[in-house]
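structure.cif (mmCIF, C-alpha atoms)
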```cif
data_final
#
loop_
_atom_site.label_atom_id
_atom_site.label_comp_id
_atom_site.auth_asym_id
_atom_site.auth_seq_id
_atom_site.Cartn_x
_atom_site.Cartn_y
_atom_site.Cartn_z
CA MET A 1 0.00 0.00 0.00
CA SER A 2 1.09 3.60 -0.48
CA THR A 3 3.08 5.33 2.22
CA THR A 4 1.21 6.90 5.12
CA ALA A 5 2.24 10.37 3.96
CA THR A 6 0.89 9.75 0.45
CA LEU A 7 -2.39 8.35 1.75
CA ASN A 8 -2.85 11.22 4.17
CA THR A 9 -2.31 13.69 1.33
CA LEU A 10 -4.91 11.90 -0.83
CA VAL A 11 -7.41 11.85 2.04
CA GLU A 12 -6.85 15.54 2.79
CA ARG A 13 -7.33 16.49 -0.87
CA SER A 14 -10.51 14.41 -1.04
CA MET A 15 -11.79 15.89 2.22
CA ARG A 16 -11.28 19.42 0.90
CA HIS A 17 -13.10 18.67 -2.36
CA LEU A 18 -15.99 16.97 -0.59
CA SER A 19 -16.50 19.83 1.85
CA GLU A 20 -16.25 22.46 -0.89
CA ARG A 21 -18.25 20.46 -3.46
CA THR A 22 -15.38 20.64 -5.95
CA THR A 23 -13.25 18.11 -7.80
CA ASP A 24 -9.95 17.99 -9.66
CA GLN A 25 -10.30 19.63 -13.07
CA SER A 26 -8.42 20.36 -16.27
CA GLU A 27 -8.05 23.87 -17.67
CA ALA A 28 -10.62 23.39 -20.43
CA THR A 29 -13.16 21.03 -21.92
CA MET A 30 -12.15 18.86 -24.88
CA GLU A 31 -14.00 17.97 -28.07
CA LEU A 32 -13.58 14.38 -29.18
CA PRO A 33 -14.67 13.42 -32.71
CA VAL A 34 -17.34 10.71 -32.75
CA SER A 35 -15.49 9.36 -35.79
CA ASP A 36 -12.82 8.14 -33.35
CA TYR A 37 -15.33 5.43 -32.41
CA LEU A 38 -16.60 4.76 -35.92
CA ASP A 39 -13.67 4.96 -38.32
CA GLU A 40 -12.52 1.48 -39.29
CA ALA A 41 -9.06 2.76 -40.21
CA ILE A 42 -8.62 4.31 -36.73
CA TRP A 43 -9.72 1.06 -35.07
CA ARG A 44 -7.32 -1.02 -37.16
CA ARG A 45 -4.48 1.38 -36.41
CA GLU A 46 -5.21 1.07 -32.67
CA MET A 47 -5.14 -2.70 -32.95
CA ASP A 48 -1.80 -2.72 -34.75
CA ALA A 49 -0.05 0.21 -33.09
CA ILE A 50 -1.27 -0.26 -29.53
CA PHE A 51 -2.62 -3.74 -28.85
CA MET A 52 -0.20 -5.67 -31.05
CA ARG A 53 3.02 -3.72 -30.55
CA ARG A 54 3.03 -2.16 -27.11
CA PRO A 55 3.12 -3.64 -23.60
CA LEU A 56 -0.14 -5.13 -22.35
CA VAL A 57 -1.17 -6.70 -19.07
CA LEU A 58 -1.34 -10.42 -19.85
CA GLY A 59 -1.73 -11.89 -16.36
CA TYR A 60 -0.76 -11.68 -12.71
CA SER A 61 1.92 -13.13 -10.48
CA ALA A 62 -0.84 -14.49 -8.26
CA GLU A 63 -1.87 -16.83 -11.09
CA LEU A 64 1.62 -18.31 -11.43
CA LYS A 65 2.79 -18.71 -7.87
CA ALA A 66 4.91 -21.85 -8.35
CA PRO A 67 7.06 -23.32 -11.15
CA GLY A 68 4.76 -25.15 -13.56
CA ASP A 69 1.73 -22.94 -12.86
CA TYR A 70 0.25 -21.79 -16.14
CA ARG A 71 -2.59 -19.79 -17.66
CA ALA A 72 -3.78 -20.19 -21.23
CA LEU A 73 -5.85 -17.32 -22.61
CA THR A 74 -6.78 -15.67 -25.88
CA ILE A 75 -6.30 -11.97 -26.64
CA ARG A 76 -7.19 -10.51 -30.04
CA LYS A 77 -7.64 -14.06 -31.44
CA ILE A 78 -4.08 -14.86 -30.38
CA PRO A 79 -3.78 -17.95 -28.14
CA LEU A 80 -1.26 -17.34 -25.35
CA LEU A 81 0.42 -19.52 -22.75
CA LEU A 82 1.78 -17.91 -19.59
CA VAL A 83 3.88 -20.28 -17.50
CA ARG A 84 6.36 -20.03 -14.66
CA GLY A 85 9.41 -22.08 -15.59
CA LYS A 86 11.36 -24.39 -13.34
CA ASP A 87 13.82 -21.51 -12.94
CA GLY A 88 11.06 -19.35 -11.40
CA VAL A 89 10.78 -16.99 -14.37
CA ALA A 90 7.35 -16.17 -15.83
CA ARG A 91 7.27 -16.36 -19.63
CA ALA A 92 4.72 -15.78 -22.37
CA PHE A 93 4.49 -18.00 -25.45
CA LEU A 94 2.20 -18.36 -28.41
CA ASN A 95 0.03 -21.35 -27.51
CA ALA A 96 0.81 -23.20 -30.74
CA CYS A 97 2.77 -26.37 -31.45
CA ARG A 98 5.81 -25.80 -33.67
CA HIS A 99 4.96 -28.86 -35.77
CA ARG A 100 1.59 -28.06 -37.35
CA GLY A 101 0.40 -25.21 -35.16
CA THR A 102 -2.12 -27.06 -32.99
CA GLN A 103 -3.18 -25.16 -29.88
CA LEU A 104 -1.56 -27.00 -26.97
CA LEU A 105 -4.07 -26.05 -24.28
CA THR A 106 -7.58 -24.71 -24.09
CA ASP A 107 -8.05 -21.48 -22.15
CA GLY A 108 -7.77 -21.98 -18.41
CA CYS A 109 -5.33 -22.35 -15.52
CA GLY A 110 -3.44 -25.34 -14.20
CA HIS A 111 -0.11 -26.85 -13.28
CA ALA A 112 2.23 -28.85 -15.51
CA MET A 113 5.97 -29.09 -16.03
CA ARG A 114 5.46 -30.37 -19.58
CA PHE A 115 2.92 -29.68 -22.31
CA ALA A 116 2.10 -32.29 -24.95
CA CYS A 117 0.44 -31.41 -28.24
CA PRO A 118 -2.89 -33.25 -28.47
CA TYR A 119 -2.40 -33.87 -32.21
CA HIS A 120 1.04 -35.51 -32.56
CA ALA A 121 2.37 -35.47 -28.98
CA TRP A 122 5.30 -33.11 -29.47
CA THR A 123 6.23 -32.13 -25.91
CA TYR A 124 7.55 -28.87 -24.46
CA ASP A 125 8.93 -28.08 -21.01
CA SER A 126 7.92 -25.22 -18.71
CA GLN A 127 10.52 -22.98 -20.32
CA GLY A 128 9.19 -23.54 -23.84
CA ALA A 129 11.89 -25.93 -25.10
CA LEU A 130 10.91 -28.81 -27.37
CA VAL A 131 11.94 -31.88 -25.36
CA GLY A 132 10.10 -34.71 -27.09
CA VAL A 133 9.11 -35.67 -30.64
CA TYR A 134 6.82 -38.66 -31.00
CA LEU A 135 8.46 -41.39 -33.13
CA GLU A 136 11.38 -39.06 -33.79
CA LYS A 137 13.36 -41.52 -35.92
CA GLN A 138 10.38 -42.05 -38.18
CA PHE A 139 9.65 -38.33 -38.42
CA GLY A 140 13.02 -37.36 -39.84
CA ASP A 141 15.69 -34.75 -39.22
CA LEU A 142 14.97 -31.69 -37.11
CA ASP A 143 16.85 -29.48 -34.69
CA LYS A 144 14.75 -29.41 -31.50
CA ARG A 145 16.63 -26.28 -30.38
CA GLU A 146 15.05 -24.41 -33.30
CA ARG A 147 11.51 -25.64 -32.61
CA GLY A 148 10.79 -24.39 -29.10
CA LEU A 149 7.57 -22.50 -28.48
CA THR A 150 7.51 -19.01 -29.98
CA GLN A 151 8.29 -16.69 -27.10
CA LEU A 152 6.94 -13.17 -26.70
CA SER A 153 8.72 -10.29 -25.01
CA CYS A 154 7.59 -10.64 -21.41
CA VAL A 155 8.53 -9.30 -17.99
CA GLU A 156 7.10 -9.55 -14.48
CA ARG A 157 6.83 -6.32 -12.53
CA ALA A 158 4.65 -5.08 -9.66
CA GLY A 159 2.77 -8.39 -9.48
CA ILE A 160 1.79 -8.17 -13.17
CA ILE A 161 2.95 -10.18 -16.17
CA TRP A 162 3.45 -7.85 -19.13
CA GLY A 163 3.96 -8.83 -22.73
CA VAL A 164 3.90 -7.67 -26.37
CA LEU A 165 1.70 -9.71 -28.70
CA THR A 166 3.92 -9.39 -31.78
CA PRO A 167 6.94 -11.74 -31.62
CA GLY A 168 10.27 -9.95 -31.63
CA VAL A 169 9.00 -6.52 -30.57
CA PRO A 170 11.03 -5.56 -27.48
CA LEU A 171 9.56 -4.57 -24.14
CA ASP A 172 11.18 -1.87 -22.00
CA ILE A 173 9.03 -1.97 -18.87
CA ASP A 174 11.00 0.79 -17.14
CA ALA A 175 10.29 3.20 -20.00
CA TRP A 176 6.66 2.05 -20.25
CA LEU A 177 5.85 2.50 -16.55
CA GLY A 178 8.18 5.37 -15.68
CA THR A 179 7.17 7.01 -12.41
CA TYR A 180 4.07 4.80 -12.23
CA ALA A 181 6.14 1.74 -11.20
CA PRO A 182 6.31 2.58 -7.46
CA VAL A 183 2.60 3.49 -7.49
CA LEU A 184 1.73 0.02 -8.81
CA GLU A 185 4.25 -1.69 -6.55
CA SER A 186 2.59 -0.07 -3.53
CA LEU A 187 -0.49 -2.24 -4.20
CA GLN A 188 1.58 -5.39 -3.55
CA ILE A 189 -0.47 -7.34 -6.09
CA ALA A 190 1.96 -10.28 -6.04
CA ASP A 191 0.93 -11.02 -2.45
CA TRP A 192 -2.79 -11.32 -3.27
CA HIS A 193 -4.75 -14.43 -4.29
CA VAL A 194 -7.03 -15.08 -7.28
CA ALA A 195 -10.56 -15.61 -5.98
CA GLU A 196 -12.91 -15.25 -8.98
CA ARG A 197 -12.79 -14.80 -12.74
CA ARG A 198 -15.65 -13.44 -14.86
CA SER A 199 -16.08 -12.08 -18.38
CA LEU A 200 -18.48 -9.55 -19.84
CA PRO A 201 -19.23 -8.78 -23.49
CA GLY A 202 -19.50 -5.09 -24.30
CA PRO A 203 -19.58 -2.44 -27.05
CA ASN A 204 -16.62 -0.73 -28.77
CA TRP A 205 -13.66 -1.05 -26.42
CA LYS A 206 -13.25 2.72 -25.99
CA VAL A 207 -16.96 3.22 -25.27
CA ALA A 208 -16.65 0.56 -22.58
CA PHE A 209 -13.33 1.75 -21.12
CA ASP A 210 -14.24 5.45 -21.05
CA GLY A 211 -16.53 4.82 -18.08
CA TYR A 212 -13.66 3.56 -15.93
CA MET A 213 -11.93 6.95 -16.03
CA GLU A 214 -14.41 9.46 -14.65
CA GLY A 215 -16.61 9.88 -11.61
CA TYR A 216 -19.07 12.31 -13.19
CA HIS A 217 -21.62 9.49 -13.56
CA PHE A 218 -21.31 8.07 -10.04
CA ASN A 219 -23.99 10.12 -8.33
CA VAL A 220 -26.44 9.49 -11.19
CA LEU A 221 -25.89 6.10 -12.80
CA HIS A 222 -24.65 4.39 -9.64
CA ARG A 223 -27.03 6.07 -7.19
CA PRO A 224 -28.77 2.76 -6.25
CA SER A 225 -25.52 0.74 -5.95
CA VAL A 226 -21.91 1.76 -5.39
CA GLY A 227 -22.88 5.44 -5.46
CA LYS A 228 -24.44 5.07 -2.03
CA ASP A 229 -20.95 4.95 -0.57
CA THR A 230 -18.49 6.07 -3.28
CA LYS A 231 -18.95 9.63 -4.52
CA GLY A 232 -18.17 11.40 -7.77
CA THR A 233 -15.67 13.67 -6.02
CA MET A 234 -12.44 12.63 -7.72
CA LEU A 235 -8.71 13.17 -7.63
CA GLY A 236 -6.79 12.34 -10.76
CA ASP A 237 -3.01 12.07 -10.96
CA GLN A 238 -1.15 11.24 -14.17
CA PHE A 239 2.09 9.27 -14.31
CA GLY A 240 3.08 9.38 -17.95
CA LEU A 241 0.56 7.23 -19.80
CA HIS A 242 -1.02 5.84 -16.63
CA GLN A 243 -3.26 7.30 -13.96
CA ARG A 244 -4.41 7.00 -10.36
CA LEU A 245 -7.96 8.08 -9.54
CA ILE A 246 -9.17 8.53 -5.97
CA PHE A 247 -12.87 8.76 -5.14
CA ALA A 248 -14.24 10.07 -1.87
CA ARG A 249 -16.27 7.66 0.26
CA GLU A 250 -19.22 8.44 2.48
CA GLY A 251 -17.10 7.82 5.58
CA LEU A 252 -15.15 10.98 4.76
CA ARG A 253 -18.19 13.25 4.99
CA GLY A 254 -18.34 15.49 8.03
CA LEU A 255 -14.82 14.72 9.23
CA SER A 256 -12.23 17.42 9.65
CA ASP A 257 -9.23 15.29 10.60
CA PRO A 258 -7.95 12.29 8.60
CA GLU A 259 -6.56 10.87 11.84
CA ALA A 260 -10.14 10.39 13.07
CA LEU A 261 -10.68 7.62 10.53
CA PRO A 262 -10.24 4.03 11.71
CA ALA A 263 -8.74 3.17 8.31
CA VAL A 264 -7.97 4.95 5.05
CA ALA A 265 -10.33 2.50 3.31
CA ASP A 266 -13.20 4.28 5.09
CA ALA A 267 -12.20 7.55 3.42
CA VAL A 268 -11.29 6.96 -0.20
CA PHE A 269 -11.58 4.38 -2.97
CA PRO A 270 -8.68 4.03 -5.46
CA VAL A 271 -8.82 3.15 -9.15
CA HIS A 272 -5.49 2.64 -10.90
CA ILE A 273 -5.58 2.92 -14.69
CA ILE A 274 -2.96 1.04 -16.69
CA TYR A 275 -2.84 2.36 -20.24
CA PRO A 276 -4.31 1.33 -22.60
CA ASN A 277 -7.04 -0.94 -21.22
CA VAL A 278 -6.82 -2.01 -17.56
CA SER A 279 -8.55 -0.74 -14.43
CA ILE A 280 -7.56 -1.85 -10.93
CA ALA A 281 -10.38 -0.98 -8.55
CA GLY A 282 -9.83 -1.17 -4.81
CA GLY A 283 -6.87 -2.50 -2.89
CA TYR A 284 -7.24 -0.56 0.35
CA GLN A 285 -9.65 -3.19 1.73
CA ASP A 286 -9.45 -6.97 1.32
CA GLN A 287 -10.62 -7.28 -2.29
CA MET A 288 -9.42 -5.89 -5.61
CA LEU A 289 -11.05 -6.00 -9.05
CA ILE A 290 -8.86 -5.96 -12.16
CA SER A 291 -10.72 -5.35 -15.42
CA GLN A 292 -9.02 -5.91 -18.78
CA VAL A 293 -11.11 -4.34 -21.56
CA LEU A 294 -10.15 -6.17 -24.76
CA PRO A 295 -11.26 -5.12 -28.25
CA GLY A 296 -13.54 -7.66 -29.87
CA ASP A 297 -13.32 -9.23 -33.30
CA THR A 298 -15.18 -6.25 -34.76
CA MET A 299 -15.00 -2.54 -34.10
CA ASP A 300 -18.30 -2.43 -32.18
CA THR A 301 -17.57 -5.25 -29.71
CA SER A 302 -15.33 -5.87 -26.71
CA LEU A 303 -14.77 -8.42 -23.98
CA THR A 304 -13.89 -7.51 -20.40
CA LEU A 305 -11.92 -10.05 -18.38
CA MET A 306 -12.65 -9.50 -14.68
CA THR A 307 -10.30 -10.92 -12.04
CA VAL A 308 -11.18 -10.61 -8.35
CA LEU A 309 -8.20 -10.80 -6.01
CA SER A 310 -8.45 -11.48 -2.30
CA ARG A 311 -5.93 -10.24 0.24
CA LYS A 312 -6.47 -13.49 2.17
CA PRO A 313 -6.03 -16.99 0.69
CA VAL A 314 -9.30 -18.58 -0.40
CA ASP A 315 -8.26 -22.17 -1.18
CA ASN A 316 -8.86 -23.48 2.33
CA ASP A 317 -11.20 -20.79 3.61
CA ASP A 318 -14.82 -21.43 2.62
CA ARG A 319 -16.00 -18.28 4.35
CA GLN A 320 -13.57 -16.02 2.50
CA ARG A 321 -14.28 -17.78 -0.79
CA GLU A 322 -18.00 -17.18 -0.37
CA ARG A 323 -17.38 -13.51 0.50
CA MET A 324 -15.37 -13.08 -2.68
CA ARG A 325 -18.00 -14.88 -4.75
CA LYS A 326 -20.73 -12.57 -3.47
CA TYR A 327 -18.53 -9.53 -4.15
CA ALA A 328 -17.87 -10.76 -7.69
CA ASP A 329 -21.59 -11.34 -8.28
CA TYR A 330 -22.39 -7.85 -7.02
CA ILE A 331 -19.73 -5.93 -8.94
CA GLN A 332 -20.37 -7.90 -12.13
CA ALA A 333 -24.05 -6.95 -11.92
CA VAL A 334 -23.16 -3.27 -11.38
CA ILE A 335 -20.86 -3.15 -14.40
CA ARG A 336 -23.24 -5.17 -16.61
CA ASP A 337 -26.54 -3.57 -15.62
CA GLU A 338 -25.37 0.01 -15.08
CA ASP A 339 -22.03 0.83 -16.75
CA TYR A 340 -22.32 -1.40 -19.80
CA LEU A 341 -26.02 -0.77 -20.24
CA ALA A 342 -25.17 2.94 -20.51
CA ALA A 343 -22.28 2.08 -22.85
CA ASP A 344 -24.60 0.02 -25.07
CA ARG A 345 -26.91 3.03 -25.29
CA ILE A 346 -23.98 5.16 -26.44
CA GLN A 347 -23.07 2.53 -29.01
CA ALA A 348 -26.66 2.58 -30.31
CA THR A 349 -26.48 6.32 -31.14
CA LEU A 350 -22.98 6.59 -32.59
CA ARG A 351 -24.06 6.31 -36.24
CA SER A 352 -27.24 8.34 -35.82
CA GLY A 353 -25.64 11.71 -36.56
CA ALA A 354 -26.88 13.16 -33.27
CA ASN A 355 -23.30 14.14 -32.40
CA GLU A 356 -20.29 14.95 -34.52
CA THR A 357 -18.18 15.43 -31.39
CA PHE A 358 -18.42 14.47 -27.75
CA LEU A 359 -17.65 17.19 -25.22
CA ILE A 360 -15.36 15.87 -22.47
CA GLY A 361 -15.70 17.98 -19.34
CA ARG A 362 -13.03 19.60 -17.22
CA ASN A 363 -14.06 17.18 -14.46
CA GLU A 364 -13.48 14.27 -16.87
CA TYR A 365 -9.84 15.12 -17.47
CA PRO A 366 -8.49 11.56 -16.95
CA LEU A 367 -10.58 10.72 -20.00
CA GLN A 368 -9.02 13.66 -21.85
CA HIS A 369 -5.56 12.40 -20.97
CA PHE A 370 -6.38 8.87 -22.16
CA HIS A 371 -7.61 9.98 -25.57
CA ARG A 372 -4.60 12.24 -26.09
CA CYS A 373 -2.32 9.26 -25.39
CA LEU A 374 -4.28 7.12 -27.85
CA LYS A 375 -3.89 9.71 -30.59
CA GLN A 376 -0.19 10.01 -29.84
CA HIS A 377 0.31 6.27 -30.34
CA ARG A 378 -1.93 6.08 -33.39
CA ASP A 379 0.14 8.79 -35.06
CA ALA A 380 3.56 7.47 -34.00
CA ASP A 381 5.79 5.12 -35.97
CA LEU A 382 5.16 1.45 -35.21
CA PRO A 383 7.65 -0.34 -32.93
CA ARG A 384 9.54 -2.89 -35.04
CA ALA A 385 10.54 -6.46 -34.31
CA GLU A 386 14.23 -6.91 -33.67
#
```
Written as structure tokens, that's how I'd like the structure from this file.
Amino acid sequence: MSTTATLNTLVERSMRHLSERTTDQSEATMELPVSDYLDEAIWRREMDAIFMRRPLVLGYSAELKAPGDYRALTIRKIPLLLVRGKDGVARAFLNACRHRGTQLLTDGCGHAMRFACPYHAWTYDSQGALVGVYLEKQFGDLDKRERGLTQLSCVERAGIIWGVLTPGVPLDIDAWLGTYAPVLESLQIADWHVAERRSLPGPNWKVAFDGYMEGYHFNVLHRPSVGKDTKGTMLGDQFGLHQRLIFAREGLRGLSDPEALPAVADAVFPVHIIYPNVSIAGGYQDQMLISQVLPGDTMDTSLTLMTVLSRKPVDNDDRQRERMRKYADYIQAVIRDEDYLAADRIQATLRSGANETFLIGRNEYPLQHFHRCLKQHRDADLPRAE
């Protein structure tokens, strides 16, 4: 968790905004062309320039706690295999046999020190090396050293497994995170435990993800649910591409001294935004929700992978497991029936001509920052494979 001094500063800023009915703001509003959500060329450029060639969150240290732990998943129609090798290093591979390309594993998590292709039984170890060829003498000559699984640039940092989906494109995590690294590390994600996984279909990925970066809708859309406790009063701090948002909680109202709070979790609720598509909600209490908003197969669809982490282990604690299940049910319903219902209604009007631009408010400046970063990467030269 963040240092006491940092937390006290965040609480004091939130307390001042709540008492004065203000919020952090940018200097001006921003007009965003609706064509940014409708132009097929823009969408394809985002897929190539951002999702295929820049660092993405692929998984979490909590999913690969021991050598041989693995997770198979699919992002942008690309089958991936994340596995912690016998040397303790987490790696990312394309989940495809180097013989005829068969997918080695279906999506899911498990434990194995070796992976056998279900088609012709070629076998790979936990570090991606080809270690067995069925009926090798009959098959013919091959150099097994040249037929290991195709590895992606991958690094583990701050409890997160990062990777680039295009083979050969390098990953400089220090440059990518910059001053955000200690902010993420303060969450101590590696020490948490995976409790629940869910997925939600949604509209255009930007329509869906926009809602994670502003609190303007909290007191309206979320009035019957999370808005009862978490308010639209928001702090927003930028760290290069990434952001930390802090929302005031009801427990802060009427207090004049942060020291009067029994815990900082009673005062504020954090949301950490990892550019370009991940929201980490919570972390000051005993649960955390990580949402990966992934573009769908078409411009007007997306899929959100939701991972609920528990501060306490859940494997041998039925009570904690049930608490996390109920939390996951609740927050999934809020996102599906409130956030994504509103997003679907935006999607339904995009092509109507009602708006040529969207006006992004001064109080929605994290959203302004996000769209400026997107444009910067769309316009930049593509990172090349080495």
Would you kindly translate the PyMOL selection byres ((chain A and resi 26) around 9) into the concrete residues it picks from this file, as a PyMOL selection string? chain A and resi 24-25+27-29+361-366+368
Name the residues in contact with His272 in chain A at a cut-off of 10 Å, using all atoms listed in the file, excluding same-chain residues fewer than 3 positions from it; report them as a PyMOL selection string. chain A and resi 180+183-184+187+212-213+236-237+242-246+275+278-283+290
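Using all atoms listed in the file, the smallest distance between any of A:Leu350, A:Ala96, A:Val83, A:Val133 and Tyr60 in chain A comes from A:Val83.
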Enumerate, as a list in words, the protein, DNA and RNA residues whose atoms approach (-14.9, -14.3, -14.4) to within 10 Å, taking into account all atoms listed in the file and the coordinate frame of the file. Ala195, Glu196, Arg197, Arg198, Ser199, Leu200, Ser291, Thr304, Leu305, Met306, Thr307, Val308, Ala328, Asp329 and Gln332 of chain A
Same residues, C-alpha atoms, output as a compact mmCIF listing (two decimals), in the frame of the given file:
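Ended up saving to again-v4.txt:
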```
# COMPACT_ATOMS: atom_id res chain seq x y z
CA ALA A 195 -10.56 -15.61 -5.98
CA GLU A 196 -12.91 -15.25 -8.98
CA ARG A 197 -12.79 -14.80 -12.74
CA ARG A 198 -15.65 -13.44 -14.86
CA SER A 199 -16.08 -12.08 -18.38
CA LEU A 200 -18.48 -9.55 -19.84
CA SER A 291 -10.72 -5.35 -15.42
CA THR A 304 -13.89 -7.51 -20.40
CA LEU A 305 -11.92 -10.05 -18.38
CA MET A 306 -12.65 -9.50 -14.68
CA THR A 307 -10.30 -10.92 -12.04
CA VAL A 308 -11.18 -10.61 -8.35
CA ALA A 328 -17.87 -10.76 -7.69
CA ASP A 329 -21.59 -11.34 -8.28
CA GLN A 332 -20.37 -7.90 -12.13
```
So that I can see what lies close to Leu80 in chain A, please list as an mmCIF file with C-alpha atoms, in the frame of the given file the residues with an atom at most 10 Å from it, counting only C-alpha atoms and leaving out residues fewer than 6 positions away in the same chain.
```cif
data_model
loop_
_atom_site.group_PDB
_atom_site.id
_atom_site.type_symbol
_atom_site.label_atom_id
_atom_site.label_comp_id
_atom_site.auth_asym_id
_atom_site.auth_seq_id
_atom_site.Cartn_x
_atom_site.Cartn_y
_atom_site.Cartn_z
ATOM 1 C CA LEU A 58 -1.340 -10.420 -19.850
ATOM 2 C CA ARG A 71 -2.590 -19.790 -17.660
ATOM 3 C CA ALA A 72 -3.780 -20.190 -21.230
ATOM 4 C CA LEU A 73 -5.850 -17.320 -22.610
ATOM 5 C CA THR A 74 -6.780 -15.670 -25.880
ATOM 6 C CA ALA A 92 4.720 -15.780 -22.370
ATOM 7 C CA PHE A 93 4.490 -18.000 -25.450
ATOM 8 C CA LEU A 94 2.200 -18.360 -28.410
ATOM 9 C CA ASN A 95 0.030 -21.350 -27.510
ATOM 10 C CA ALA A 96 0.810 -23.200 -30.740
ATOM 11 C CA GLN A 103 -3.180 -25.160 -29.880
ATOM 12 C CA LEU A 104 -1.560 -27.000 -26.970
ATOM 13 C CA LEU A 105 -4.070 -26.050 -24.280
ATOM 14 C CA THR A 106 -7.580 -24.710 -24.090
ATOM 15 C CA ASP A 107 -8.050 -21.480 -22.150
ATOM 16 C CA GLN A 151 8.290 -16.690 -27.100
ATOM 17 C CA LEU A 152 6.940 -13.170 -26.700
ATOM 18 C CA LEU A 165 1.700 -9.710 -28.700
#
```
With the file shown as input, list the residues that the PyMOL selection byres ((chain A and resi 177) around 12) selects, as a PyMOL selection string. chain A and resi 54-57+157-158+160+162+171-176+178-185+238-243+273-276
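Here the question is which of A:Glu338, A:Glu12, A:Glu146, A:Asp210 gets nearest to Ile360 in chain A using all atoms listed in the file, and that residue is A:Asp210.
In this model, the gap between CA of Arg311 in chain A and CA of Leu221 in chain A comes to 28.9 Å.
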Just say which residues the PyMOL selection byres ((chain A and resi 45) around 12) picks in this file, as a list in words. Asp36, Asp39, Glu40, Ala41, Ile42, Trp43, Arg44, Glu46, Met47, Asp48, Ala49, Ile50, Phe51, Met52, Arg53, Met299, Leu374, Lys375, Gln376, His377, Arg378, Asp379, Ala380, Asp381 and Leu382 of chain A
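Nearest-residue note for Pro201 in chain A: choosing from A:Asp297, A:Asp318, A:Asp125, A:Glu136, the minimum distance belongs to A:Asp297, counting all atoms listed in the file.
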Scan for residues within 12 Å of the point (12.0, -14.4, -13.7) in the coordinates of the file, using all atoms listed in the file, and reply as an NGL selection string. :A and (61 or 64-67 or 83-92 or 127 or 154-157 or 159-161)
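Between CA of Val34 in chain A and CA of Glu356 in chain A there is a distance of 5.5 Å.
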